[in-house]
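Student: One structure is given below, represented as structure tokens, and several questions about it will come after.
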Number of protein chains: 2
Amino acid sequence: MAKHHPELSLLFHALADTTRRSILARLAEGPARVTDLSEPTGLRLPTVMRHLSVLEEAGLIATSKDGRVRTCAIVPAALEPARTWLDEQRAVWESRLDRLEAFAIKAAKERAK
Amino acid sequence: MAKHHPELSLLFHALADTTRRSILARLAEGPARVTDLSEPTGLRLPTVMRHLSVLEEAGLIATSKDGRVRTCAIVPAALEPARTWLDEQRAVWESRLDRLEAFAIKAAKERAK
């Protein structure tokens with residue numbers, strides 16, 4: 001069994017919501033104020049703030065406050081553990097397919113003898 | 001804002017748990033019986049069954065029953081939408097970095113005139 005990665009759970013949990021993914025997609029284009037992020041969601045500000053908290057806890061965004069204006073920015077490196085995990089699964093799966101293929105080729109050769 | 005993808009939410013939700021990721025990592029090596037998957041988790045069978053349901057609802061595993069024995073297999077293609085989404089975010093982010101770099105180079109050249 002693989003090692004436990006609680007931070008990977010936080011990360012995937014943060015990505016498991018359409019509003020949060022929309023916010024990240026917007027922030028990939030550049031930093032934005034909370035009010036600007038809130039507007040296209042059609043959600044109330046406290047709801048958006050909760051989504052931003054989940055993203056911040058997962059390390060996916062950083063926020064800064066200047067007076068009454070809070071600005072959010074994406075932390076792109078934070079997505080890397082998710083990508084790495086998906087790549088690892090694919091590598092295991094593909095090496096298994098390679099082994100199956102090698103076995104099938106060997107079996108076919110033995111039948112041809 | 002990006003389009004809504006409820007199936008992507010199901011997928012990331014399924015991945016947001018260490019037990020479920022461990023089960024997927026085990027199944028990447030080949031199909032397994034529910035009892036064999038359950039053993040290394042140290043969890044009770046009903047709990048493991050609930051995790052398997054979440055994985056099956058997200059399309060990440062398929063199960064089949066032969067008499068009293070239920071066998072699970074991974075559906076590797078089901079991970080692709082997650083990978084595609086992560087790749088899209090990186091592409092947007094990198095094109096933004098490229099634009100920033102082009103702007104910095106242009107500004108530096110203008111200063112040098």
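Ligands are numbered from 1 in the order shown, residues from 1 within each chain, and chains are lettered A, B, ... in the order they appear in the structure tokens.
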With a distance threshold of 9 Å and counting only C-alpha atoms, extract the residues of chain A near chain B and express them as an NGL selection string.
Tutor: :A and (1-6 or 8-19 or 21-30 or 40-41 or 76 or 79-80 or 82-83 or 86-90 or 92-96)
Student: Select from chain A everything DSSP, run on the backbone, classes as alpha helix (DSSP H), then give the selection as a ChimeraX atom specification.
Tutor: /A:6-15,18-27,34-38,45-57,80-112
Student: Which is closer to Arg33 of chain A than all the others in A:Leu60, A:Val69, A:Ala102, A:Ala112, using only C-alpha atoms?
Tutor: A:Val69
Student: With a distance cut-off of 12 Å and only C-alpha atoms, select the neighbouring residues of segment 66-68 of chain A, excluding the residue or stretch itself and same-chain residues fewer than 4 positions from it, and output the selection as a list in words.
Tutor: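 That gives Arg33, Val34, Thr35 and Cys72 of chain A.
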Student: Taking the backbone alone, and naming residues the way the document does, which bits of segment 16-105 of chain A are strand (DSSP E or B) by DSSP, as an MDAnalysis selection string?
Tutor: chainID A and resid 32:33 61:66 69:74
Student: Can you write just those residues out, N, CA, C and O atoms, as a PDB file, in the first residue's frame?
Tutor:
ATOM      1  N   ALA A  32      -6.184  38.385  -8.509  1.00  0.00           N
ATOM      2  CA  ALA A  32      -7.481  39.076  -8.570  1.00  0.00           C
ATOM      3  C   ALA A  32      -7.970  39.384  -7.174  1.00  0.00           C
ATOM      4  O   ALA A  32      -7.625  38.685  -6.219  1.00  0.00           O
ATOM      5  N   ARG A  33      -8.808  40.427  -7.075  1.00  0.00           N
ATOM      6  CA  ARG A  33      -9.401  40.784  -5.788  1.00  0.00           C
ATOM      7  C   ARG A  33     -10.544  39.827  -5.476  1.00  0.00           C
ATOM      8  O   ARG A  33     -11.196  39.321  -6.403  1.00  0.00           O
ATOM      9  N   ILE A  61      -3.587  28.697  -3.182  1.00  0.00           N
ATOM     10  CA  ILE A  61      -3.573  30.150  -3.387  1.00  0.00           C
ATOM     11  C   ILE A  61      -2.930  30.829  -2.184  1.00  0.00           C
ATOM     12  O   ILE A  61      -2.855  30.253  -1.091  1.00  0.00           O
ATOM     13  N   ALA A  62      -2.458  32.042  -2.425  1.00  0.00           N
ATOM     14  CA  ALA A  62      -1.949  32.887  -1.343  1.00  0.00           C
ATOM     15  C   ALA A  62      -2.767  34.174  -1.393  1.00  0.00           C
ATOM     16  O   ALA A  62      -3.164  34.616  -2.476  1.00  0.00           O
ATOM     17  N   THR A  63      -3.056  34.758  -0.230  1.00  0.00           N
ATOM     18  CA  THR A  63      -3.822  36.010  -0.232  1.00  0.00           C
ATOM     19  C   THR A  63      -3.039  37.083   0.517  1.00  0.00           C
ATOM     20  O   THR A  63      -2.230  36.785   1.396  1.00  0.00           O
ATOM     21  N   SER A  64      -3.263  38.330   0.111  1.00  0.00           N
ATOM     22  CA  SER A  64      -2.639  39.446   0.821  1.00  0.00           C
ATOM     23  C   SER A  64      -3.681  40.546   0.953  1.00  0.00           C
ATOM     24  O   SER A  64      -4.602  40.644   0.137  1.00  0.00           O
ATOM     25  N   LYS A  65      -3.538  41.357   2.013  1.00  0.00           N
ATOM     26  CA  LYS A  65      -4.546  42.385   2.279  1.00  0.00           C
ATOM     27  C   LYS A  65      -3.886  43.761   2.262  1.00  0.00           C
ATOM     28  O   LYS A  65      -2.838  43.960   2.878  1.00  0.00           O
ATOM     29  N   ASP A  66      -4.497  44.658   1.489  1.00  0.00           N
ATOM     30  CA  ASP A  66      -4.016  46.041   1.442  1.00  0.00           C
ATOM     31  C   ASP A  66      -5.212  46.910   1.821  1.00  0.00           C
ATOM     32  O   ASP A  66      -6.114  47.127   1.010  1.00  0.00           O
ATOM     33  N   VAL A  69      -8.867  45.787   0.911  1.00  0.00           N
ATOM     34  CA  VAL A  69      -8.887  44.979  -0.316  1.00  0.00           C
ATOM     35  C   VAL A  69      -7.998  43.739  -0.174  1.00  0.00           C
ATOM     36  O   VAL A  69      -6.796  43.855   0.081  1.00  0.00           O
ATOM     37  N   ARG A  70      -8.618  42.555  -0.299  1.00  0.00           N
ATOM     38  CA  ARG A  70      -7.849  41.314  -0.246  1.00  0.00           C
ATOM     39  C   ARG A  70      -7.645  40.789  -1.670  1.00  0.00           C
ATOM     40  O   ARG A  70      -8.604  40.661  -2.436  1.00  0.00           O
ATOM     41  N   THR A  71      -6.375  40.499  -1.999  1.00  0.00           N
ATOM     42  CA  THR A  71      -6.044  40.008  -3.333  1.00  0.00           C
ATOM     43  C   THR A  71      -5.565  38.568  -3.232  1.00  0.00           C
ATOM     44  O   THR A  71      -4.865  38.202  -2.284  1.00  0.00           O
ATOM     45  N   CYS A  72      -5.956  37.744  -4.212  1.00  0.00           N
ATOM     46  CA  CYS A  72      -5.576  36.327  -4.241  1.00  0.00           C
ATOM     47  C   CYS A  72      -4.665  36.064  -5.431  1.00  0.00           C
ATOM     48  O   CYS A  72      -4.834  36.653  -6.501  1.00  0.00           O
ATOM     49  N   ALA A  73      -3.715  35.150  -5.231  1.00  0.00           N
ATOM     50  CA  ALA A  73      -2.827  34.732  -6.320  1.00  0.00           C
ATOM     51  C   ALA A  73      -2.675  33.220  -6.255  1.00  0.00           C
ATOM     52  O   ALA A  73      -2.695  32.626  -5.172  1.00  0.00           O
ATOM     53  N   ILE A  74      -2.554  32.597  -7.426  1.00  0.00           N
ATOM     54  CA  ILE A  74      -2.396  31.148  -7.479  1.00  0.00           C
ATOM     55  C   ILE A  74      -0.960  30.784  -7.087  1.00  0.00           C
ATOM     56  O   ILE A  74      -0.039  31.586  -7.263  1.00  0.00           O
TER      57      ILE A  74
END
Student: Can you tell me how far atom CA of Arg20 of chain B sits from atom CA of Val48 of chain B, in Å to one decimal?
Tutor: 8.7 Å
Student: Please indicate the distance in Å from atom CA of Thr47 of chain A to atom CA of Val75 of chain A, rounded to one decimal place.
Tutor: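 Separating atom CA of Thr47 of chain A from atom CA of Val75 of chain A is a distance of 21.4 Å.
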